[in-house]
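**Student:** This is the content of model01.txt (compact mmCIF, C-alpha atoms and all ligand atoms):
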```txt
# COMPACT_ATOMS: atom_id res chain seq x y z
CA MET A 214 0.00 0.00 0.00
CA GLY A 215 1.29 3.48 -0.87
CA CYS A 216 0.79 6.35 1.59
CA GLU A 217 -1.51 8.03 -0.93
CA ASP A 218 -4.04 5.24 -0.32
CA LEU A 219 -4.66 6.74 3.14
CA GLY A 220 -6.38 9.64 1.40
CA TRP A 221 -5.33 13.28 1.53
CA GLU A 222 -7.61 14.28 4.37
CA LYS A 223 -6.06 11.61 6.60
CA ILE A 224 -2.49 12.32 5.48
CA LEU A 225 -2.78 16.03 6.24
CA GLU A 226 -4.59 15.38 9.51
CA ILE A 227 -1.80 13.06 10.71
CA MET A 228 0.93 15.49 9.67
CA LEU A 229 -0.74 18.48 11.30
CA GLY A 230 -1.51 16.53 14.45
CA GLU A 231 2.11 15.42 14.84
CA ALA A 232 3.41 18.90 14.02
CA GLU A 233 1.12 20.44 16.66
CA LYS A 234 2.08 17.88 19.27
CA ARG A 235 5.76 18.59 18.63
CA ARG A 236 5.27 22.35 18.43
CA ALA A 237 6.52 22.91 14.89
CA PRO A 238 7.83 26.49 14.49
CA VAL A 239 5.64 27.10 11.42
CA LEU A 240 2.50 26.59 13.48
CA GLU A 241 3.60 29.14 16.07
CA LEU A 242 3.58 31.94 13.50
CA LYS A 243 0.55 34.24 13.61
CA PHE A 244 -0.10 37.05 11.15
CA GLU A 245 -2.75 39.75 11.32
CA ASN A 246 -3.02 40.09 7.56
CA PRO A 247 -1.48 38.81 4.28
CA PHE A 248 0.77 41.89 4.13
CA GLN A 249 2.54 40.84 7.33
CA HIS A 250 2.86 37.35 5.91
CA LEU A 251 4.50 38.78 2.80
CA ILE A 252 6.97 40.88 4.78
CA PHE A 253 7.80 37.84 6.92
CA ALA A 254 8.51 35.84 3.77
CA LEU A 255 10.82 38.58 2.48
CA MET A 256 12.77 38.50 5.74
CA SER A 257 12.96 34.74 6.08
CA SER A 258 15.43 33.71 3.38
CA ARG A 259 18.67 32.28 4.75
CA THR A 260 17.53 33.00 8.31
CA ARG A 261 16.42 30.71 11.12
CA ASP A 262 12.67 30.84 11.77
CA GLU A 263 13.11 32.05 15.35
CA ASN A 264 15.25 35.02 14.23
CA THR A 265 12.74 35.95 11.55
CA ALA A 266 9.94 35.67 14.13
CA LYS A 267 11.88 37.96 16.48
CA ALA A 268 12.34 40.60 13.77
CA ALA A 269 8.72 40.28 12.66
CA LYS A 270 7.48 40.81 16.22
CA LYS A 271 9.53 44.01 16.55
CA LEU A 272 8.58 45.37 13.15
CA PHE A 273 4.88 44.50 13.35
CA SER A 274 4.57 46.12 16.77
CA ARG A 275 5.26 49.40 14.92
CA ILE A 276 3.62 48.92 11.55
CA LYS A 277 0.54 47.10 10.28
CA THR A 278 0.20 48.23 6.67
CA ALA A 279 2.17 48.92 3.48
CA GLU A 280 1.35 52.63 3.84
CA GLU A 281 2.94 52.76 7.29
CA LEU A 282 5.97 50.77 6.24
CA LYS A 283 6.73 52.82 3.16
CA ASN A 284 6.96 55.90 5.38
CA LEU A 285 9.48 54.32 7.73
CA PRO A 286 13.09 55.32 6.96
CA VAL A 287 15.24 52.41 5.79
CA SER A 288 17.61 52.98 8.74
CA GLU A 289 14.71 52.38 11.15
CA ILE A 290 13.59 49.24 9.32
CA GLU A 291 17.19 48.01 9.55
CA GLU A 292 17.16 48.61 13.27
CA GLU A 293 13.94 46.58 13.73
CA ILE A 294 15.01 43.60 11.65
CA LYS A 295 18.65 43.29 12.69
CA SER A 296 18.17 39.69 13.82
CA VAL A 297 17.72 38.44 10.23
CA GLY A 298 20.54 37.67 7.81
CA PHE A 299 21.31 40.31 5.16
CA TYR A 300 19.11 42.76 7.03
CA ARG A 301 20.35 45.83 5.17
CA ILE A 302 19.44 44.41 1.76
CA LYS A 303 16.15 43.09 3.10
CA ALA A 304 15.26 46.44 4.71
CA ARG A 305 15.59 48.17 1.33
CA ARG A 306 13.58 45.45 -0.38
CA ILE A 307 10.81 45.61 2.23
CA ARG A 308 10.56 49.37 1.71
CA GLU A 309 10.49 48.98 -2.06
CA VAL A 310 7.75 46.33 -1.95
CA SER A 311 5.72 48.46 0.47
CA GLU A 312 5.98 51.44 -1.89
CA ILE A 313 4.79 49.38 -4.86
CA ILE A 314 1.86 47.89 -2.94
CA SER A 315 0.92 51.27 -1.56
CA ASN A 316 1.38 53.30 -4.76
CA GLU A 317 0.31 50.82 -7.44
CA TYR A 318 -2.22 48.65 -5.63
CA GLY A 319 -3.80 51.11 -3.19
CA GLY A 320 -2.26 49.34 -0.19
CA GLU A 321 -3.82 45.95 -1.00
CA ILE A 322 -1.66 43.00 -1.94
CA PRO A 323 -2.53 41.87 -5.48
CA SER A 324 -4.34 38.56 -5.50
CA GLU A 325 -3.06 37.39 -8.89
CA PHE A 326 -0.04 35.10 -9.08
CA ASP A 327 1.45 36.95 -12.09
CA LYS A 328 1.38 40.28 -10.25
CA LEU A 329 2.80 38.83 -7.04
CA VAL A 330 5.83 37.31 -8.75
CA LYS A 331 6.61 40.70 -10.29
CA LEU A 332 7.20 42.18 -6.83
CA PRO A 333 10.91 42.39 -5.94
CA GLY A 334 12.11 39.35 -4.01
CA ILE A 335 8.88 37.37 -4.47
CA GLY A 336 9.30 34.00 -6.14
CA ARG A 337 6.87 31.27 -6.99
CA LYS A 338 6.85 29.69 -3.53
CA THR A 339 6.22 32.96 -1.67
CA ALA A 340 3.53 34.02 -4.15
CA ASN A 341 1.73 30.75 -3.47
CA VAL A 342 2.12 31.18 0.30
CA ILE A 343 0.52 34.62 0.03
CA LEU A 344 -2.31 33.38 -2.19
CA THR A 345 -3.00 30.66 0.37
CA ALA A 346 -3.06 33.28 3.14
CA MET A 347 -5.59 35.23 1.05
CA GLY A 348 -7.86 32.19 0.88
CA LYS A 349 -7.05 31.23 -2.74
CA PRO A 350 -6.31 27.66 -3.75
CA ALA A 351 -2.55 27.30 -4.20
CA ILE A 352 0.23 24.89 -3.25
CA ALA A 353 3.42 26.51 -1.99
CA VAL A 354 6.31 24.12 -2.51
CA ASP A 355 9.33 24.83 -0.37
CA THR A 356 12.18 22.51 0.54
CA HIS A 357 10.06 20.53 3.06
CA VAL A 358 7.14 19.98 0.66
CA HIS A 359 9.52 18.99 -2.13
CA ARG A 360 11.54 16.59 0.04
CA ILE A 361 8.62 14.85 1.76
CA SER A 362 6.59 14.50 -1.45
CA ASN A 363 9.54 12.68 -3.02
CA ARG A 364 10.39 10.57 0.03
CA MET A 365 6.81 9.40 0.45
CA GLY A 366 6.59 8.58 -3.24
CA PHE A 367 3.83 11.04 -4.14
CA VAL A 368 6.05 12.51 -6.84
CA ARG A 369 9.39 11.78 -8.45
CA THR A 370 10.70 15.20 -9.29
CA ASP A 371 13.98 17.09 -9.23
CA LYS A 372 12.59 20.63 -8.96
CA PRO A 373 9.98 22.32 -6.71
CA GLU A 374 8.09 23.68 -9.76
CA LYS A 375 7.61 20.14 -11.04
CA THR A 376 6.51 19.00 -7.57
CA GLU A 377 3.92 21.78 -7.50
CA LYS A 378 2.55 20.78 -10.89
CA LYS A 379 2.38 17.10 -9.98
CA LEU A 380 0.80 17.74 -6.56
CA LYS A 381 -1.87 19.88 -8.20
CA GLN A 382 -2.79 16.85 -10.33
CA LEU A 383 -2.75 14.45 -7.37
CA VAL A 384 -4.33 16.41 -4.53
CA PRO A 385 -7.99 17.51 -4.68
CA GLU A 386 -8.18 21.34 -4.70
CA GLU A 387 -10.04 21.48 -1.39
CA PHE A 388 -6.83 20.36 0.37
CA TRP A 389 -4.30 22.61 -1.42
CA ARG A 390 -4.31 25.40 1.15
CA LYS A 391 -3.68 23.05 4.06
CA LEU A 392 -0.84 21.19 2.41
CA ASN A 393 2.05 23.63 2.94
CA ARG A 394 1.56 24.07 6.69
CA ALA A 395 1.08 20.34 7.21
CA PHE A 396 4.15 19.32 5.22
CA VAL A 397 6.36 22.10 6.60
CA GLY A 398 5.30 21.32 10.16
CA TYR A 399 5.94 17.62 9.60
CA GLY A 400 9.28 18.36 7.93
CA GLN A 401 10.39 20.52 10.84
CA THR A 402 9.55 17.90 13.44
CA VAL A 403 9.46 14.34 12.04
CA CYS A 404 10.49 13.94 8.41
CA LYS A 405 13.48 16.21 8.89
CA PRO A 406 16.03 16.83 6.15
CA LEU A 407 18.72 14.91 8.05
CA LYS A 408 17.98 11.98 10.33
CA PRO A 409 14.18 11.79 9.87
CA LEU A 410 12.43 10.12 12.79
CA CYS A 411 11.22 7.16 10.75
CA SER A 412 10.71 4.87 13.75
CA GLU A 413 8.23 7.39 15.21
CA CYS A 414 6.63 8.27 11.89
CA LYS A 415 2.97 7.35 11.35
CA PHE A 416 3.73 6.65 7.68
CA ASN A 417 6.55 4.16 8.20
CA LYS A 418 4.39 1.26 6.97
CA CYS A 419 3.72 2.87 3.63
CA CYS A 420 6.71 5.17 2.99
CA PRO A 421 9.13 3.77 0.41
CA LYS A 422 12.01 5.75 1.94
CA VAL A 423 11.60 4.58 5.53
CA GLY A 424 15.04 4.55 7.16
CA VAL A 425 16.46 6.97 4.57
S1 LIG B 1 9.10 7.01 7.15
FE1 LIG B 1 10.85 8.40 7.38
S2 LIG B 1 11.25 9.20 5.31
FE2 LIG B 1 9.20 8.31 5.31
S3 LIG B 1 7.81 10.04 5.77
FE3 LIG B 1 8.31 9.04 7.70
S4 LIG B 1 10.05 10.18 8.53
FE4 LIG B 1 9.89 10.66 6.34
```
Could you quickly redo this structure as structure tokens?
Ligand code: SF4
**Tutor:**
Amino acid sequence: MGCEDLGWEKILEIMLGEAEKRRAPVLELKFENPFQHLIFALMSSRTRDENTAKAAKKLFSRIKTAEELKNLPVSEIEEEIKSVGFYRIKARRIREVSEIISNEYGGEIPSEFDKLVKLPGIGRKTANVILTAMGKPAIAVDTHVHRISNRMGFVRTDKPEKTEKKLKQLVPEEFWRKLNRAFVGYGQTVCKPLKPLCSECKFNKCCPKVGV
């Protein structure tokens, strides 16, 4: 039996349950609106989640909207987000994105994928994360989603874009929005990149890569 035979509702329920029990960092993150989610994503590259969370907490205690952020001097943004890697570059990018959203989109994040990926620093994965946060059906494939999908045999792909395409064919649309959080949470706590906890994993009877 392949893990897919469990059905997607069950698979995601198990992953989320385990991630919650083990307090996966991704589940601890709370955002007041998709704009904060977007800024978090811009800060998070090459930075540990806890450092990004620390910077986000400081920054979001001062600003809530693109309009507010675009009026903050870059030096002050730098000061707030010092705990993230490459904070100077990221501070300028955050300001730039806030200006575009404020000036071109009236302060509202565009809800079309093609517009999102035109924003500086926003790639395919982040655009999909934001669409998900806005309630649109999308599958954001990051390193956890890509790795686990391949380990569990749902896909056999060498690139996240291909994983996204394949998952969209496999997974009913009603589950797309849940998938990223479930897989990321599971990847942070059980099916880790190195030394996955296969003996504790609820999928070890069906996973072809058990003991990887
Ligand atoms: S059995 Fe191991 S490799 Fe397979 S999903 Fe579980 S933790 Fe990951």
**Student:** Record the distance separating CA of Tyr300 (chain A) and CA of Asn341 (chain A), expressed in Å with one decimal.
**Tutor:**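 Atom-to-atom, CA of Tyr300 (chain A) to CA of Asn341 (chain A), that is 23.6 Å.
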**Student:** Considering all atoms listed in the file, state which residue in the set A:Gly319, A:Pro373, A:Pro286, A:Gly230 is at the smallest distance from His359 (chain A).
**Tutor:** A:Pro373
**Student:** So the first atom is CA of Phe367 (chain A) and the second is CA of Arg236 (chain A); what is the distance between them in Å, to one decimal place?
**Tutor:**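 Spanning CA of Phe367 (chain A) to CA of Arg236 (chain A) is a straight-line distance of 25.3 Å.
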**Student:** Any chance you could tabulate, as a tab-separated table, the residues of chain A at most 8 Å from ligand LIG 1 (chain B) with each one's nearest atom pair and distance in Å to one decimal, using only C-alpha atoms and all ligand atoms, in chain and rising number order?
**Tutor:**
```
residue	atom	partner	partner_atom	distance
A:Ile361	CA	B:LIG1	S3	6.3
A:Arg364	CA	B:LIG1	S2	5.5
A:Met365	CA	B:LIG1	S3	5.5
A:Gly400	CA	B:LIG1	FE4	7.9
A:Val403	CA	B:LIG1	S4	5.5
A:Cys404	CA	B:LIG1	S4	3.8
A:Lys405	CA	B:LIG1	S4	6.9
A:Pro409	CA	B:LIG1	S4	4.6
A:Leu410	CA	B:LIG1	S4	4.9
A:Cys411	CA	B:LIG1	FE1	3.6
A:Ser412	CA	B:LIG1	S1	7.1
A:Glu413	CA	B:LIG1	S4	7.5
A:Cys414	CA	B:LIG1	FE3	4.6
A:Lys415	CA	B:LIG1	FE3	6.7
A:Phe416	CA	B:LIG1	FE3	5.2
A:Asn417	CA	B:LIG1	S1	4.0
A:Lys418	CA	B:LIG1	S1	7.4
A:Cys419	CA	B:LIG1	S1	7.6
A:Cys420	CA	B:LIG1	FE2	4.6
A:Pro421	CA	B:LIG1	FE2	6.7
A:Lys422	CA	B:LIG1	S2	4.9
A:Val423	CA	B:LIG1	S1	3.8
A:Gly424	CA	B:LIG1	FE1	5.7
A:Val425	CA	B:LIG1	S2	5.7
```
**Student:** Mind giving me the straight-line distance from CA of Ser324 (chain A) to CA of Pro350 (chain A) in Å, one decimal?
**Tutor:**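 Between CA of Ser324 (chain A) and CA of Pro350 (chain A) the gap is 11.2 Å.
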**Student:** Of the candidates A:Val342, A:Val354, A:Ala395, A:Val384, which one gets nearest to Lys372 (chain A) if we count all atoms listed in the file?
**Tutor:** A:Val354
**Student:** Write out as a PyMOL selection string which residues come within 12 Å of Ser274 (chain A) when counting only C-alpha atoms, dropping same-chain ones fewer than 3 positions away.
**Tutor:** chain A and resi 244-245+249+267-271+277-278+281-282+293-294
**Student:** Rank nothing, just name the residue among A:Gln401, A:Ser296, A:Asn284, A:Asn246 nearest to Asn264 (chain A), using only C-alpha atoms.
**Tutor:**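 Once distances to Asn264 (chain A) are computed over only C-alpha atoms, the minimum belongs to A:Ser296.
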**Student:** Near Val239 (chain A), counting only C-alpha atoms, which residues have an atom at most 8 Å away, once you skip same-chain residues fewer than 6 positions from it, shown as a PyMOL selection string?
**Tutor:** chain A and resi 262+394+397-398
**Student:** Using all atoms listed in the file, which of the listed residues (A:Ile302, A:Leu272, A:Ala237, A:Ile322) sits closest to Met347 (chain A)?
**Tutor:**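 Comparing A:Ile302, A:Leu272, A:Ala237, A:Ile322 against Met347 (chain A), the winner is A:Ile322.
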**Student:** With distances taken over only C-alpha atoms, which residue among A:Lys223, A:Arg259, A:Arg306, A:His250 lies nearest Gly334 (chain A)?
**Tutor:** A:Arg306
**Student:** Counting all atoms listed in the file, which residues have an atom no more than 9 Å from (-2.4, 23.3, 1.7) in the file's coordinates? Please list them as a PDB file with C-alpha atoms, in the coordinates of the input.
**Tutor:**
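Just written: result.pdb:
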```
ATOM      1  CA  LEU A 225      -2.780  16.030   6.240  1.00  0.00           C
ATOM      2  CA  THR A 345      -3.000  30.660   0.370  1.00  0.00           C
ATOM      3  CA  PRO A 350      -6.310  27.660  -3.750  1.00  0.00           C
ATOM      4  CA  ALA A 351      -2.550  27.300  -4.200  1.00  0.00           C
ATOM      5  CA  ILE A 352       0.230  24.890  -3.250  1.00  0.00           C
ATOM      6  CA  ALA A 353       3.420  26.510  -1.990  1.00  0.00           C
ATOM      7  CA  GLU A 386      -8.180  21.340  -4.700  1.00  0.00           C
ATOM      8  CA  GLU A 387     -10.040  21.480  -1.390  1.00  0.00           C
ATOM      9  CA  PHE A 388      -6.830  20.360   0.370  1.00  0.00           C
ATOM     10  CA  TRP A 389      -4.300  22.610  -1.420  1.00  0.00           C
ATOM     11  CA  ARG A 390      -4.310  25.400   1.150  1.00  0.00           C
ATOM     12  CA  LYS A 391      -3.680  23.050   4.060  1.00  0.00           C
ATOM     13  CA  LEU A 392      -0.840  21.190   2.410  1.00  0.00           C
ATOM     14  CA  ASN A 393       2.050  23.630   2.940  1.00  0.00           C
ATOM     15  CA  ARG A 394       1.560  24.070   6.690  1.00  0.00           C
ATOM     16  CA  ALA A 395       1.080  20.340   7.210  1.00  0.00           C
ATOM     17  CA  PHE A 396       4.150  19.320   5.220  1.00  0.00           C
TER      18      PHE A 396
END
```
**Student:** Within 9 Å of Glu325 (chain A), counting all atoms listed in the file, which residues show up once you throw out same-chain ones fewer than 5 positions away? Write them as a list in words, please.
**Tutor:** Val330, Ala340 and Leu344 of chain A
**Student:** Within 10 Å of Glu321 (chain A), counting all atoms listed in the file, which residues show up once you throw out same-chain ones fewer than 5 positions away? Write them as a short mmCIF file (atom, residue, chain, number, x, y, z; two decimals) with C-alpha atoms, keeping the file's coordinate frame, please.
**Tutor:**
```
data_model
loop_
_atom_site.label_atom_id
_atom_site.label_comp_id
_atom_site.auth_asym_id
_atom_site.auth_seq_id
_atom_site.Cartn_x
_atom_site.Cartn_y
_atom_site.Cartn_z
CA PRO A 247 -1.48 38.81 4.28
CA PHE A 248 0.77 41.89 4.13
CA THR A 278 0.20 48.23 6.67
CA ALA A 279 2.17 48.92 3.48
CA GLU A 280 1.35 52.63 3.84
CA SER A 311 5.72 48.46 0.47
CA ILE A 314 1.86 47.89 -2.94
CA SER A 315 0.92 51.27 -1.56
CA ASN A 316 1.38 53.30 -4.76
#
```
**Student:** Tell me, as a list in words, which residues lie within 12 Å of Arg305 (chain A), counting only C-alpha atoms; anything in the same chain fewer than 6 positions away does not count.
**Tutor:**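 Counting only the stated atoms, we get Ile252, Leu255, Met256, Leu282, Lys283, Leu285, Pro286, Val287, Ser288, Glu289, Ile290, Glu291, Ile294, Phe299, Ser311, Glu312, Pro333 and Gly334 of chain A.
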